[in-house]
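*Asks:* File my_file-v8.txt follows (compact mmCIF, C-alpha atoms and all ligand atoms):
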# COMPACT_ATOMS: atom_id res chain seq x y z
CA MET A 1 -59.75 47.17 -12.17
CA ILE A 2 -60.39 45.09 -9.06
CA ASN A 3 -61.50 42.21 -11.27
CA GLN A 4 -58.32 42.50 -13.23
CA ILE A 5 -56.27 42.35 -10.04
CA GLU A 6 -58.14 39.23 -8.94
CA GLU A 7 -57.50 37.63 -12.31
CA VAL A 8 -53.77 38.36 -12.11
CA LYS A 9 -53.67 36.94 -8.61
CA ALA A 10 -55.41 33.72 -9.68
CA LYS A 11 -53.13 33.29 -12.66
CA PHE A 12 -50.08 34.08 -10.57
CA LEU A 13 -50.92 31.41 -8.00
CA GLU A 14 -51.79 28.85 -10.66
CA GLU A 15 -48.62 29.35 -12.65
CA LEU A 16 -46.49 29.38 -9.52
CA GLN A 17 -47.49 25.78 -8.82
CA THR A 18 -46.13 24.59 -12.19
CA LEU A 19 -42.57 25.91 -11.70
CA LYS A 20 -39.94 23.15 -11.68
CA ASP A 21 -36.44 24.66 -11.73
CA GLU A 22 -34.43 27.81 -11.24
CA LYS A 23 -34.66 28.83 -14.86
CA GLU A 24 -38.46 28.74 -14.86
CA LEU A 25 -38.44 30.49 -11.50
CA GLU A 26 -36.44 33.41 -12.89
CA GLU A 27 -38.60 33.75 -16.02
CA PHE A 28 -41.66 33.78 -13.78
CA ARG A 29 -40.16 36.46 -11.52
CA VAL A 30 -39.44 38.75 -14.45
CA LYS A 31 -42.92 38.21 -15.86
CA TYR A 32 -44.81 39.08 -12.68
CA LEU A 33 -42.48 40.87 -10.28
CA GLY A 34 -40.04 42.55 -12.62
CA ARG A 35 -39.82 46.31 -13.20
CA ARG A 36 -41.78 45.85 -16.41
CA GLY A 37 -43.78 42.98 -15.02
CA ILE A 38 -47.51 42.45 -14.83
CA ILE A 39 -47.88 43.70 -11.26
CA GLN A 40 -45.96 46.89 -11.96
CA SER A 41 -48.16 47.49 -15.00
CA LEU A 42 -51.17 47.36 -12.71
CA PHE A 43 -49.61 50.06 -10.57
CA ASP A 44 -49.13 52.13 -13.73
CA LYS A 45 -52.84 51.77 -14.48
CA LEU A 46 -53.70 53.18 -11.05
CA LYS A 47 -53.15 56.68 -12.50
CA GLU A 48 -56.03 56.23 -14.92
CA ILE A 49 -58.77 55.35 -12.47
CA PRO A 50 -61.09 57.85 -10.70
CA ARG A 51 -59.54 59.53 -7.72
CA GLU A 52 -62.02 58.26 -5.14
CA GLU A 53 -61.33 54.63 -6.07
CA LYS A 54 -57.58 54.98 -5.81
CA PRO A 55 -57.16 54.27 -2.05
CA THR A 56 -59.17 51.02 -2.15
CA VAL A 57 -57.67 49.73 -5.37
CA GLY A 58 -54.19 50.82 -4.27
CA LYS A 59 -54.58 48.88 -1.04
CA ILE A 60 -55.70 45.69 -2.86
CA LEU A 61 -52.84 46.10 -5.29
CA ASN A 62 -50.32 46.47 -2.48
CA GLU A 63 -51.70 43.36 -0.84
CA LEU A 64 -51.29 41.48 -4.11
CA LYS A 65 -47.73 42.66 -4.41
CA GLU A 66 -46.86 41.51 -0.91
CA LEU A 67 -48.60 38.18 -1.29
CA ALA A 68 -46.93 37.56 -4.65
CA GLN A 69 -43.48 38.29 -3.25
CA GLU A 70 -44.11 36.05 -0.25
CA LYS A 71 -45.45 33.13 -2.28
CA PHE A 72 -42.63 33.53 -4.75
CA ASN A 73 -40.01 33.36 -1.99
CA GLU A 74 -41.62 30.22 -0.61
CA LYS A 75 -41.51 28.52 -4.00
CA LYS A 76 -37.93 29.59 -4.51
CA LYS A 77 -36.88 27.98 -1.23
CA GLU A 78 -38.74 24.82 -2.12
CA ILE A 79 -36.98 24.48 -5.50
CA GLU A 80 -33.56 25.16 -4.00
CA ALA A 81 -34.09 22.58 -1.29
CA LYS A 82 -35.06 19.96 -3.87
CA LYS A 83 -31.89 20.64 -5.84
CA GLU A 84 -29.76 20.19 -2.74
CA LYS A 85 -31.46 16.88 -2.06
CA VAL A 86 -30.71 15.56 -5.57
CA LYS A 87 -27.08 16.50 -5.09
CA ILE A 88 -26.60 14.43 -1.95
CA SER A 89 -28.81 11.49 -2.78
CA LEU A 90 -26.76 8.30 -3.30
CA ASP A 91 -27.92 5.35 -5.31
CA LEU A 92 -26.21 2.37 -3.75
CA THR A 93 -27.68 0.00 -6.31
CA ILE A 94 -25.63 1.43 -9.21
CA PRO A 95 -22.96 -1.15 -10.15
CA GLY A 96 -19.38 -0.10 -9.31
CA ARG A 97 -16.98 1.00 -11.98
CA PHE A 98 -14.65 -1.83 -13.08
CA LYS A 99 -11.01 -1.09 -12.45
CA TYR A 100 -8.68 -3.29 -14.49
CA THR A 101 -5.51 -4.31 -12.68
CA GLY A 102 -2.58 -5.15 -14.94
CA ARG A 103 -0.53 -8.26 -14.38
CA LYS A 104 2.60 -9.97 -15.62
CA HIS A 105 2.50 -12.20 -18.66
CA PRO A 106 2.51 -15.90 -17.67
CA LEU A 107 5.89 -16.34 -19.39
CA THR A 108 7.37 -13.46 -17.39
CA GLN A 109 5.99 -14.97 -14.20
CA THR A 110 7.48 -18.38 -15.04
CA LEU A 111 10.80 -16.85 -16.04
CA GLU A 112 10.99 -14.85 -12.82
CA GLU A 113 10.26 -17.94 -10.77
CA ILE A 114 13.00 -19.93 -12.52
CA LYS A 115 15.47 -17.07 -12.09
CA LYS A 116 14.67 -16.66 -8.40
CA ILE A 117 15.35 -20.33 -7.68
CA PHE A 118 18.74 -20.39 -9.42
CA VAL A 119 19.83 -17.02 -8.06
CA SER A 120 19.10 -18.34 -4.56
CA MET A 121 21.52 -21.19 -5.34
CA GLY A 122 24.32 -18.80 -6.28
CA PHE A 123 23.89 -18.46 -10.06
CA GLU A 124 24.44 -15.10 -11.71
CA VAL A 125 22.20 -13.91 -14.55
CA ALA A 126 24.01 -13.43 -17.89
CA SER A 127 22.77 -12.47 -21.34
CA GLY A 128 23.86 -12.42 -24.95
CA PRO A 129 22.64 -11.14 -28.33
CA GLU A 130 19.63 -12.61 -30.12
CA ILE A 131 21.31 -11.94 -33.46
CA GLU A 132 24.27 -14.30 -33.31
CA ASP A 133 27.03 -15.49 -35.55
CA ASP A 134 27.49 -19.03 -36.71
CA TYR A 135 30.62 -19.36 -34.61
CA HIS A 136 28.95 -18.78 -31.22
CA ASN A 137 25.69 -20.54 -32.04
CA PHE A 138 27.23 -23.64 -33.63
CA GLU A 139 30.95 -23.93 -34.21
CA ALA A 140 32.30 -23.15 -30.76
CA LEU A 141 29.62 -25.46 -29.36
CA ASN A 142 31.25 -28.30 -31.21
CA ILE A 143 28.77 -28.25 -34.10
CA PRO A 144 30.92 -27.93 -37.24
CA PRO A 145 29.45 -26.84 -40.60
CA GLU A 146 27.65 -29.69 -42.33
CA HIS A 147 27.29 -31.55 -39.02
CA PRO A 148 23.94 -33.37 -38.96
CA ALA A 149 23.24 -31.93 -35.46
CA ARG A 150 22.42 -28.63 -37.21
CA ASP A 151 19.30 -30.28 -38.56
CA MET A 152 17.86 -30.38 -35.03
CA GLN A 153 17.61 -26.60 -35.00
CA ASP A 154 16.07 -25.11 -38.16
CA THR A 155 17.73 -21.77 -38.43
CA PHE A 156 16.69 -18.26 -39.54
CA PHE A 157 19.52 -16.64 -41.49
CA ILE A 158 20.04 -12.89 -41.59
CA LYS A 159 22.95 -13.27 -43.96
CA GLU A 160 25.77 -15.74 -44.33
CA ASN A 161 27.10 -16.61 -40.87
CA ILE A 162 24.68 -14.19 -39.15
CA ILE A 163 21.60 -15.86 -37.70
CA LEU A 164 18.90 -15.57 -35.07
CA ARG A 165 20.17 -17.71 -32.21
CA THR A 166 18.49 -21.10 -32.09
CA HIS A 167 19.26 -21.65 -28.40
CA THR A 168 20.77 -19.81 -25.42
CA SER A 169 23.92 -22.00 -25.44
CA PRO A 170 26.00 -19.35 -27.31
CA VAL A 171 25.87 -17.32 -24.08
CA GLN A 172 27.98 -20.14 -22.53
CA ILE A 173 30.70 -19.39 -25.08
CA ARG A 174 30.52 -15.61 -24.58
CA VAL A 175 30.72 -15.89 -20.79
CA MET A 176 33.58 -18.41 -20.79
CA LYS A 177 35.52 -16.31 -23.29
CA SER A 178 35.20 -13.29 -21.05
CA LYS A 179 36.32 -14.82 -17.75
CA GLN A 180 38.13 -17.65 -16.07
CA PRO A 181 36.42 -20.26 -13.81
CA PRO A 182 34.65 -20.45 -11.49
CA VAL A 183 31.66 -19.60 -13.69
CA ARG A 184 28.14 -20.15 -12.43
CA ILE A 185 25.49 -18.49 -14.60
CA ILE A 186 22.01 -18.81 -15.96
CA ALA A 187 21.12 -17.10 -19.23
CA PRO A 188 17.43 -16.54 -19.89
CA GLY A 189 16.27 -15.22 -23.24
CA ARG A 190 14.52 -15.53 -26.56
CA VAL A 191 15.49 -18.03 -29.20
CA TYR A 192 14.23 -18.54 -32.76
CA ARG A 193 13.61 -21.58 -34.90
CA ASN A 194 12.22 -21.86 -38.39
CA GLU A 195 9.58 -24.41 -37.45
CA ALA A 196 6.13 -25.07 -38.82
CA ILE A 197 3.86 -23.21 -36.38
CA SER A 198 1.52 -25.48 -34.46
CA ALA A 199 0.06 -26.01 -31.00
CA ARG A 200 3.44 -27.43 -29.94
CA SER A 201 5.98 -25.22 -31.67
CA TYR A 202 6.40 -21.59 -32.53
CA CYS A 203 9.04 -19.62 -34.46
CA LEU A 204 10.06 -17.88 -31.24
CA PHE A 205 10.31 -19.19 -27.70
CA HIS A 206 12.31 -18.74 -24.49
CA GLN A 207 15.04 -20.77 -22.87
CA VAL A 208 17.02 -20.62 -19.67
CA GLU A 209 20.58 -21.82 -20.04
CA GLY A 210 22.64 -22.93 -17.05
CA LEU A 211 26.42 -23.33 -16.79
CA TYR A 212 28.69 -24.19 -13.91
CA VAL A 213 32.42 -24.64 -14.47
CA ASP A 214 35.05 -25.10 -11.76
CA GLU A 215 37.54 -27.64 -10.51
CA GLY A 216 35.85 -30.91 -9.62
CA VAL A 217 32.30 -30.15 -10.83
CA SER A 218 30.53 -33.51 -11.19
CA PHE A 219 27.43 -35.02 -12.74
CA ALA A 220 26.19 -35.70 -9.20
CA GLU A 221 26.15 -31.95 -8.59
CA LEU A 222 24.18 -31.42 -11.78
CA LYS A 223 21.61 -33.93 -10.58
CA GLY A 224 21.41 -32.38 -7.13
CA THR A 225 21.01 -28.85 -8.49
CA LEU A 226 18.31 -29.83 -10.97
CA LEU A 227 16.44 -31.82 -8.33
CA ALA A 228 16.50 -28.84 -5.96
CA PHE A 229 15.16 -26.69 -8.81
CA ALA A 230 12.40 -29.15 -9.72
CA LYS A 231 11.20 -29.49 -6.13
CA GLN A 232 10.88 -25.72 -5.76
CA MET A 233 9.30 -25.26 -9.17
CA PHE A 234 6.86 -28.18 -9.24
CA GLY A 235 6.46 -29.32 -5.65
CA SER A 236 8.59 -31.08 -3.05
CA SER A 237 7.40 -34.59 -3.89
CA VAL A 238 8.54 -34.67 -7.54
CA LYS A 239 11.24 -37.03 -8.78
CA LEU A 240 13.62 -36.63 -11.73
CA ARG A 241 14.54 -39.14 -14.42
CA PHE A 242 17.70 -38.77 -16.53
CA ARG A 243 17.58 -40.38 -19.97
CA PRO A 244 20.81 -40.70 -21.99
CA SER A 245 20.78 -38.34 -24.95
CA PHE A 246 23.07 -36.47 -27.32
CA PHE A 247 24.15 -32.85 -27.59
CA PRO A 248 27.39 -31.96 -29.42
CA PHE A 249 28.48 -29.62 -26.61
CA THR A 250 27.97 -31.98 -23.66
CA GLU A 251 29.34 -35.42 -22.93
CA PRO A 252 27.69 -37.38 -21.43
CA SER A 253 24.31 -35.80 -22.18
CA ALA A 254 20.86 -36.41 -20.81
CA GLU A 255 17.29 -35.39 -21.21
CA VAL A 256 15.52 -34.84 -17.93
CA ASP A 257 11.93 -35.70 -17.08
CA VAL A 258 10.05 -34.68 -13.96
CA SER A 259 7.49 -37.04 -12.47
CA CYS A 260 4.05 -35.74 -13.38
CA PHE A 261 3.04 -33.29 -10.69
CA ILE A 262 -0.60 -33.47 -11.73
CA CYS A 263 -1.16 -37.20 -11.17
CA GLY A 264 1.93 -37.96 -9.10
CA GLY A 265 3.24 -40.32 -11.79
CA LYS A 266 0.18 -42.56 -12.03
CA GLY A 267 -0.66 -41.37 -15.54
CA CYS A 268 -3.04 -38.66 -16.72
CA LYS A 269 -3.90 -36.47 -19.71
CA VAL A 270 -1.09 -33.97 -19.02
CA CYS A 271 1.69 -36.61 -18.98
CA LYS A 272 -0.11 -38.54 -21.74
CA TYR A 273 -0.42 -41.49 -19.34
CA GLY A 274 3.35 -41.94 -19.15
CA GLY A 275 3.82 -40.47 -15.66
CA TRP A 276 6.79 -38.30 -16.77
CA LEU A 277 7.18 -34.84 -18.33
CA GLU A 278 10.28 -33.81 -20.28
CA ILE A 279 11.60 -30.46 -19.06
CA LEU A 280 15.21 -29.95 -20.17
CA GLY A 281 18.44 -31.10 -21.79
CA CYS A 282 21.77 -31.21 -19.96
CA GLY A 283 25.18 -32.78 -19.63
CA MET A 284 28.83 -32.31 -18.74
CA VAL A 285 30.54 -29.65 -20.85
CA ASP A 286 32.39 -31.35 -23.71
CA PRO A 287 36.21 -30.87 -23.49
CA ASN A 288 36.09 -29.69 -27.12
CA VAL A 289 34.04 -26.67 -26.02
CA PHE A 290 36.68 -25.84 -23.39
CA LYS A 291 39.26 -25.91 -26.19
CA PHE A 292 37.26 -23.28 -28.15
CA VAL A 293 37.08 -20.91 -25.17
CA GLY A 294 40.64 -21.55 -23.96
CA TYR A 295 39.86 -23.35 -20.69
CA ASP A 296 42.18 -26.11 -19.47
CA SER A 297 40.00 -29.24 -19.78
CA GLU A 298 42.42 -31.23 -17.63
CA ARG A 299 41.88 -28.87 -14.74
CA TYR A 300 38.23 -27.86 -15.09
CA THR A 301 34.97 -29.69 -15.50
CA GLY A 302 31.49 -28.27 -15.77
CA TYR A 303 27.87 -28.97 -16.41
CA ALA A 304 25.32 -27.19 -18.59
CA PHE A 305 21.58 -27.38 -19.02
CA GLY A 306 18.92 -25.70 -21.12
CA MET A 307 15.19 -25.60 -20.50
CA GLY A 308 12.24 -24.28 -22.47
CA VAL A 309 10.26 -21.65 -20.55
CA GLU A 310 7.06 -22.10 -22.63
CA ARG A 311 7.18 -25.83 -22.05
CA ILE A 312 7.49 -25.38 -18.29
CA ALA A 313 4.71 -22.76 -18.20
CA MET A 314 2.47 -25.01 -20.29
CA LEU A 315 3.00 -27.92 -17.92
CA LYS A 316 2.60 -25.81 -14.82
CA TYR A 317 -0.59 -24.07 -15.91
CA GLY A 318 -2.07 -26.81 -18.10
CA ILE A 319 -1.88 -24.77 -21.35
CA ASP A 320 -2.28 -26.91 -24.44
CA ASP A 321 -1.38 -24.48 -27.22
CA ILE A 322 1.93 -22.54 -27.31
CA ARG A 323 0.45 -19.89 -29.65
CA LEU A 324 -1.75 -18.57 -26.83
CA PHE A 325 1.34 -16.94 -25.28
CA TYR A 326 1.78 -14.61 -28.23
CA GLU A 327 -1.78 -13.68 -29.19
CA ASN A 328 -2.29 -11.08 -26.45
CA ASP A 329 -5.85 -12.25 -25.90
CA PHE A 330 -7.17 -10.78 -22.65
CA ARG A 331 -9.36 -13.80 -21.98
CA PHE A 332 -6.20 -15.90 -21.83
CA LEU A 333 -3.89 -13.42 -20.09
CA GLU A 334 -6.26 -12.45 -17.28
CA GLN A 335 -6.29 -16.02 -16.00
CA PHE A 336 -2.78 -15.71 -14.57
N1 LIG B 401 20.82 -25.97 -26.25
C1 LIG B 401 20.11 -27.22 -26.15
C2 LIG B 401 18.83 -27.12 -27.00
O1 LIG B 401 18.39 -26.04 -27.26
C3 LIG B 401 19.77 -27.56 -24.73
C4 LIG B 401 20.97 -27.85 -23.89
C5 LIG B 401 21.62 -26.82 -23.24
C6 LIG B 401 21.47 -29.14 -23.76
C7 LIG B 401 22.74 -27.09 -22.43
C8 LIG B 401 22.57 -29.42 -22.99
C9 LIG B 401 23.19 -28.38 -22.33
O2 LIG B 401 18.28 -28.11 -27.41
Let me see the file written as structure tokens.
Ligand code: PHE

*Replies:*
Amino acid sequence: MINQIEEVKAKFLEELQTLKDEKELEEFRVKYLGRRGIIQSLFDKLKEIPREEKPTVGKILNELKELAQEKFNEKKKEIEAKKEKVKISLDLTIPGRFKYTGRKHPLTQTLEEIKKIFVSMGFEVASGPEIEDDYHNFEALNIPPEHPARDMQDTFFIKENIILRTHTSPVQIRVMKSKQPPVRIIAPGRVYRNEAISARSYCLFHQVEGLYVDEGVSFAELKGTLLAFAKQMFGSSVKLRFRPSFFPFTEPSAEVDVSCFICGGKGCKVCKYGGWLEILGCGMVDPNVFKFVGYDSERYTGYAFGMGVERIAMLKYGIDDIRLFYENDFRFLEQF
């Protein structure tokens, strides 16, 4: 019996060393210290041994029981302490988690910048429908049916006389029909043209229209306003160049170039070595347009302009393919 007790003790101590976690600890406790455990079974055997041996063996057994409990408690503390340590240990070498911050689309950013500049000069923001009728998009803008000027703007038809607007100029008509001068608005929005899609043109793009009508509005004011805009948009040292042009709804008309803000006009890849970048079309509102909206063309004069937002964003950010704006490719968008 004493041998048996020694054996149990040796095994107990050996096994105790191998315990790694709380689960193993509990299994071990049940096995040795439980009510049906090995040590208790030794106590049960005590009944079977000769009476005179009982006190000695009983004493040894009690010692084993105490020792086992003590050693077990020590191990338990050790395992619990280790667990605590794992919980609070920090690994500062683990890479941080990437948090993606959203941002505005480059076209939205450009549009907002354009709007801000004109609003600061006293322009109100107006809008009109993208599905337009022939009258507002063409006729009232002095572009009669069969007029060759319609060829400049390849049109998407929804049905006869109903189209996707090809420019933001119909908003001029809608605003002038709804109120008397003075009118000073910009109209940003989407326009559609049935063009072959390429790096330079897309079936959809954005324009910002401008219109100012009052008594005594002059071409000089148009120049001054556009120059103030260009300096804020592209930098205070830029110059503007007005080239005579034609639009049915303005007379005289001009196309406006800004001196290349990349090379300062010396000539580079962006301005194709010409030193100038075309940014918009403009002119004095044609008296025929005033007739369509019921304004007195003897009393009022006005100017109008229209610029392409994609074109301006492409110049400003050096983007060489208009299709990039619409592809929703993160690698492109996250650069702005
Ligand atoms: N609507 C013209 C275009 O899309 C631009 C323009 C607007 C020209 C206003 C003159 C005045 O080409």

*Asks:* Can you pull out every residue within 7 Å of Ser245 in chain A, counting all atoms listed in the file, but drop anything in the same chain fewer than 5 positions away, and send it as a list in words?

*Replies:* Ser253, Ala254 and Glu255 of chain A

*Asks:* Pick from A:Gly267, A:Gly308, A:Pro144, A:Gly210: nearest to Cys282 in chain A, with only C-alpha atoms counted?

*Replies:*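 Closest candidate: A:Gly210.
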
*Asks:* Using all atoms listed in the file, find each residue in chain A having at least one atom no more than 10 Å away from ligand LIG 401 (chain B); report its shortest atom-to-atom pair and that distance in Å (one decimal), rows by chain then rising number, as a Markdown table.

*Replies:*
| residue | atom | partner | partner_atom | distance |
| --- | --- | --- | --- | --- |
| A:Asn137 | CA | B:LIG401 | N1 | 9.3 |
| A:Leu141 | CA | B:LIG401 | N1 | 9.3 |
| A:Met152 | CA | B:LIG401 | O2 | 8.0 |
| A:Gln153 | CA | B:LIG401 | O2 | 7.8 |
| A:Arg165 | CA | B:LIG401 | O1 | 9.9 |
| A:Thr166 | CA | B:LIG401 | O1 | 6.9 |
| A:His167 | CA | B:LIG401 | O1 | 4.6 |
| A:Thr168 | CA | B:LIG401 | N1 | 6.2 |
| A:Ser169 | CA | B:LIG401 | N1 | 5.1 |
| A:Pro170 | CA | B:LIG401 | N1 | 8.5 |
| A:Gln172 | CA | B:LIG401 | C7 | 8.7 |
| A:Val191 | CA | B:LIG401 | O1 | 8.7 |
| A:His206 | CA | B:LIG401 | O1 | 9.9 |
| A:Gln207 | CA | B:LIG401 | O1 | 7.6 |
| A:Val208 | CA | B:LIG401 | C5 | 8.5 |
| A:Glu209 | CA | B:LIG401 | C5 | 6.0 |
| A:Gly210 | CA | B:LIG401 | C7 | 6.8 |
| A:Leu211 | CA | B:LIG401 | C7 | 7.7 |
| A:Ser245 | CA | B:LIG401 | C6 | 9.3 |
| A:Phe246 | CA | B:LIG401 | C8 | 8.3 |
| A:Phe247 | CA | B:LIG401 | C8 | 6.0 |
| A:Pro248 | CA | B:LIG401 | C8 | 8.4 |
| A:Phe249 | CA | B:LIG401 | C9 | 6.9 |
| A:Thr250 | CA | B:LIG401 | C8 | 6.0 |
| A:Glu251 | CA | B:LIG401 | C8 | 9.0 |
| A:Pro252 | CA | B:LIG401 | C8 | 9.6 |
| A:Ser253 | CA | B:LIG401 | C8 | 6.7 |
| A:Ala254 | CA | B:LIG401 | C8 | 7.5 |
| A:Glu255 | CA | B:LIG401 | C6 | 7.9 |
| A:Leu280 | CA | B:LIG401 | C3 | 6.9 |
| A:Gly281 | CA | B:LIG401 | C6 | 4.1 |
| A:Cys282 | CA | B:LIG401 | C8 | 3.6 |
| A:Gly283 | CA | B:LIG401 | C8 | 5.4 |
| A:Met284 | CA | B:LIG401 | C9 | 7.8 |
| A:Val285 | CA | B:LIG401 | C9 | 7.6 |
| A:Asp286 | CA | B:LIG401 | C9 | 9.8 |
| A:Tyr303 | CA | B:LIG401 | C9 | 7.6 |
| A:Ala304 | CA | B:LIG401 | C9 | 4.5 |
| A:Phe305 | CA | B:LIG401 | C7 | 3.6 |
| A:Gly306 | CA | B:LIG401 | C5 | 3.6 |
| A:Met307 | CA | B:LIG401 | C3 | 6.5 |
| A:Gly308 | CA | B:LIG401 | O1 | 8.0 |

*Asks:* Taking the point (6.5, -38.9, -19.8) as given in the file, collect each protein or nucleic acid residue that comes within 12 Å of it, counting all atoms listed in the file, and present the set as an MDAnalysis selection string.

*Replies:* chainID A and resid 240:243 255:261 263:279 315

*Asks:* Need the neighbours of (-42.7, 32.7, -17.7): which residues are at most 12 Å away, counting all atoms listed in the file, as a ChimeraX atom specification?

*Replies:* /A:11-12,15-16,18-34,37-38

*Asks:* Neighbouring residues of Arg174 in chain A were defined as those with any atom within 10 Å, considering only C-alpha atoms; residues of the same chain fewer than 2 positions away were excluded. Please report them as an NGL selection string.

*Replies:* :A and (126-129 or 136 or 140 or 169-172 or 176-179 or 293)

*Asks:* For a quick check of understanding, using only C-alpha atoms, which of A:Ile158, A:Val238, A:Leu107, A:Ile173 has the smallest distance to Ala187 in chain A?

*Replies:*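 Among the listed residues, A:Ile173 lies closest to Ala187 in chain A.
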
*Asks:* Just write range 12-54 of chain A with C-alpha atoms, as a PDB file, in the first residue's frame, taken from the block above.

*Replies:*
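After the write, out34.pdb holds the following:
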ATOM      1  CA  PHE A  12       0.752  13.109  -9.738  1.00  0.00           C
ATOM      2  CA  LEU A  13       3.814  15.356  -9.658  1.00  0.00           C
ATOM      3  CA  GLU A  14       4.926  14.306 -13.128  1.00  0.00           C
ATOM      4  CA  GLU A  15       1.556  14.897 -14.739  1.00  0.00           C
ATOM      5  CA  LEU A  16       1.103  18.187 -12.927  1.00  0.00           C
ATOM      6  CA  GLN A  17       4.130  19.592 -14.765  1.00  0.00           C
ATOM      7  CA  THR A  18       2.545  18.931 -18.176  1.00  0.00           C
ATOM      8  CA  LEU A  19      -0.658  20.935 -17.561  1.00  0.00           C
ATOM      9  CA  LYS A  20      -1.051  23.886 -19.947  1.00  0.00           C
ATOM     10  CA  ASP A  21      -4.510  25.431 -19.567  1.00  0.00           C
ATOM     11  CA  GLU A  22      -7.586  25.616 -17.402  1.00  0.00           C
ATOM     12  CA  LYS A  23      -9.316  22.775 -19.165  1.00  0.00           C
ATOM     13  CA  GLU A  24      -6.453  20.357 -18.542  1.00  0.00           C
ATOM     14  CA  LEU A  25      -6.214  21.657 -14.992  1.00  0.00           C
ATOM     15  CA  GLU A  26      -9.848  20.783 -14.286  1.00  0.00           C
ATOM     16  CA  GLU A  27      -9.578  17.304 -15.839  1.00  0.00           C
ATOM     17  CA  PHE A  28      -6.504  16.701 -13.705  1.00  0.00           C
ATOM     18  CA  ARG A  29      -8.293  17.855 -10.545  1.00  0.00           C
ATOM     19  CA  VAL A  30     -11.190  15.479 -11.119  1.00  0.00           C
ATOM     20  CA  LYS A  31      -8.823  12.611 -11.850  1.00  0.00           C
ATOM     21  CA  TYR A  32      -6.734  12.958  -8.690  1.00  0.00           C
ATOM     22  CA  LEU A  33      -8.587  15.141  -6.190  1.00  0.00           C
ATOM     23  CA  GLY A  34     -12.207  14.517  -7.097  1.00  0.00           C
ATOM     24  CA  ARG A  35     -14.687  12.607  -4.924  1.00  0.00           C
ATOM     25  CA  ARG A  36     -14.154   9.568  -7.122  1.00  0.00           C
ATOM     26  CA  GLY A  37     -10.549  10.424  -7.789  1.00  0.00           C
ATOM     27  CA  ILE A  38      -7.418   8.376  -7.351  1.00  0.00           C
ATOM     28  CA  ILE A  39      -6.528   9.781  -3.934  1.00  0.00           C
ATOM     29  CA  GLN A  40      -9.999   9.151  -2.549  1.00  0.00           C
ATOM     30  CA  SER A  41      -9.822   5.589  -3.850  1.00  0.00           C
ATOM     31  CA  LEU A  42      -6.672   5.118  -1.792  1.00  0.00           C
ATOM     32  CA  PHE A  43      -8.563   6.234   1.287  1.00  0.00           C
ATOM     33  CA  ASP A  44     -11.233   3.660   0.444  1.00  0.00           C
ATOM     34  CA  LYS A  45      -8.556   0.963   0.339  1.00  0.00           C
ATOM     35  CA  LEU A  46      -7.454   1.894   3.863  1.00  0.00           C
ATOM     36  CA  LYS A  47     -10.358  -0.218   5.193  1.00  0.00           C
ATOM     37  CA  GLU A  48      -8.858  -3.371   3.712  1.00  0.00           C
ATOM     38  CA  ILE A  49      -5.427  -3.228   5.304  1.00  0.00           C
ATOM     39  CA  PRO A  50      -4.459  -4.756   8.691  1.00  0.00           C
ATOM     40  CA  ARG A  51      -5.457  -2.673  11.658  1.00  0.00           C
ATOM     41  CA  GLU A  52      -1.955  -2.108  13.013  1.00  0.00           C
ATOM     42  CA  GLU A  53      -0.770  -0.608   9.715  1.00  0.00           C
ATOM     43  CA  LYS A  54      -3.656   1.811   9.466  1.00  0.00           C
TER      44      LYS A  54
END
